[in-house]
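Have a look at the structure below before the remarks.
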Amino acid sequence: MTGVAAASMAVLSQAPAHAQEPGVKADIDGDGRADPVSLRQVSDDQMLLRAGLSEEFTDAVVSGNARGLPLIPVDVNADGIDEVMVPESVGANTVIYTTWRYTPEAGLHPVRTADGKPLTLAEGGGARALSSYGCTPAADGRLLVGVNAFATPDDSAFEGERVTYAVRDGVATLVADVPVQGAGRDDPRLQADPATCAPLD
């Protein structure tokens, strides 16, 4: 046994009995059947992402500590093949997610930006920060939006950015990076709803 399978077994052997987290259903292979996907915390800084396909299980080792937060099924480009948002780290008021997908050739793997880095998205913020993600309709499906902003030193407004990506074949290509300045908390530029990325019915 080599590669990811061996790493998965090694990590599982260290797993505490209480480490199993709730799973979700997502059609990650596009066959029209919802597949069970789960996230297991197996050490302080590693998790096991597992999907049950029609004829096999497929695993991936994910760095991070989700602290029991659930996976979130999404379809970030409305192609009918679901992805899952994986919570990798949790701050005082913010959760950092990476977006994972499945292909028969590569198994489970993260969506990456054009420079090869895993795409990260934040949700939360608190009183002096705003972070969220969502999807917006596009001519060929959906675009993925990420919002991050922080209160100015005098708390009179928020400053940050609204970033839009087109996700195709596991690559998130930057479409727009719009600076936001002098915005109130309810400014439309700072709004993004994760529910708008939900899988298609």
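Chains: A, B, ... in order of the structure tokens. Residues: from 1 per chain. Ligands: from 1, in order shown.
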Exercise. Name the residues in contact with Arg101 of chain A at a cut-off of 12 Å, using only C-alpha atoms, excluding same-chain residues fewer than 2 positions from it; report them as number ranges by chain.
Key: A: 26-30, 37, 49-51, 58-60, 73-77, 81-86, 98-99, 103-112, 118-119, 167-171
Quiz item: Which polymer residues have any atom within 7 Å of an atom of segment 128-138 of chain A, counting only C-alpha atoms, with same-chain residues fewer than 3 positions away left out, as number ranges by chain?
Solution: A: 76, 121-125, 141-151, 192-197
Expected file: the selected residues, N, CA and C atoms, as a short mmCIF file (atom, residue, chain, number, x, y, z; two decimals), in the first residue's frame:
data_model
loop_
_atom_site.label_atom_id
_atom_site.label_comp_id
_atom_site.auth_asym_id
_atom_site.auth_seq_id
_atom_site.Cartn_x
_atom_site.Cartn_y
_atom_site.Cartn_z
N VAL A 76 -20.09 25.19 -7.01
CA VAL A 76 -19.62 26.56 -7.18
C VAL A 76 -19.67 27.05 -8.62
N LEU A 121 -11.43 30.36 1.54
CA LEU A 121 -12.54 31.29 1.70
C LEU A 121 -12.86 31.38 3.19
N ALA A 122 -13.28 32.56 3.63
CA ALA A 122 -13.56 32.77 5.05
C ALA A 122 -15.04 33.08 5.26
N GLU A 123 -15.52 32.73 6.45
CA GLU A 123 -16.90 33.02 6.84
C GLU A 123 -16.91 33.45 8.30
N GLY A 124 -17.43 34.64 8.56
CA GLY A 124 -17.51 35.14 9.93
C GLY A 124 -17.03 36.57 10.01
N GLY A 125 -16.28 36.88 11.08
CA GLY A 125 -15.71 38.22 11.18
C GLY A 125 -15.89 38.88 12.53
N GLY A 141 -23.20 29.40 -15.91
CA GLY A 141 -23.37 28.72 -14.63
C GLY A 141 -23.31 29.66 -13.46
N ARG A 142 -22.26 29.56 -12.66
CA ARG A 142 -22.08 30.40 -11.48
C ARG A 142 -20.64 30.88 -11.39
N LEU A 143 -20.47 32.03 -10.73
CA LEU A 143 -19.16 32.51 -10.32
C LEU A 143 -19.10 32.46 -8.80
N LEU A 144 -17.91 32.23 -8.27
CA LEU A 144 -17.69 32.15 -6.83
C LEU A 144 -17.15 33.48 -6.32
N VAL A 145 -17.74 33.98 -5.24
CA VAL A 145 -17.39 35.30 -4.70
C VAL A 145 -16.87 35.14 -3.28
N GLY A 146 -15.80 35.87 -2.96
CA GLY A 146 -15.29 35.94 -1.60
C GLY A 146 -15.20 37.39 -1.17
N VAL A 147 -15.64 37.68 0.06
CA VAL A 147 -15.63 39.04 0.61
C VAL A 147 -14.82 39.05 1.89
N ASN A 148 -13.91 40.01 2.01
CA ASN A 148 -13.16 40.21 3.25
C ASN A 148 -13.00 41.71 3.48
N ALA A 149 -13.39 42.18 4.67
CA ALA A 149 -13.29 43.60 4.98
C ALA A 149 -13.08 43.79 6.48
N PHE A 150 -12.43 44.91 6.82
CA PHE A 150 -12.14 45.23 8.22
C PHE A 150 -12.56 46.68 8.50
N ALA A 151 -12.96 46.92 9.74
CA ALA A 151 -13.37 48.27 10.13
C ALA A 151 -12.16 49.20 10.11
N ALA A 192 -22.39 38.50 0.72
CA ALA A 192 -22.24 37.22 0.03
C ALA A 192 -22.92 36.16 0.88
N ASP A 193 -23.74 35.35 0.26
CA ASP A 193 -24.55 34.37 0.97
C ASP A 193 -24.10 32.96 0.60
N PRO A 194 -23.52 32.19 1.54
CA PRO A 194 -23.10 30.83 1.22
C PRO A 194 -24.22 29.96 0.65
N ALA A 195 -25.46 30.24 1.02
CA ALA A 195 -26.58 29.44 0.52
C ALA A 195 -26.72 29.51 -1.01
N THR A 196 -26.20 30.56 -1.61
CA THR A 196 -26.30 30.71 -3.07
C THR A 196 -25.37 29.76 -3.81
N CYS A 197 -24.51 29.05 -3.09
CA CYS A 197 -23.64 28.03 -3.70
C CYS A 197 -24.18 26.63 -3.51
#
Practice problem: Tell me, in Å to one decimal, how far atom CA of Arg162 of chain A is from atom CA of Gly184 of chain A. | Solution: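 Calculated distance between atom CA of Arg162 of chain A and atom CA of Gly184 of chain A is 14.1 Å.
Distance check against Asn93 of chain A using only C-alpha atoms: of A:Lys117, A:Gly126, A:Ala183, A:Pro70, the minimum falls on A:Gly126.
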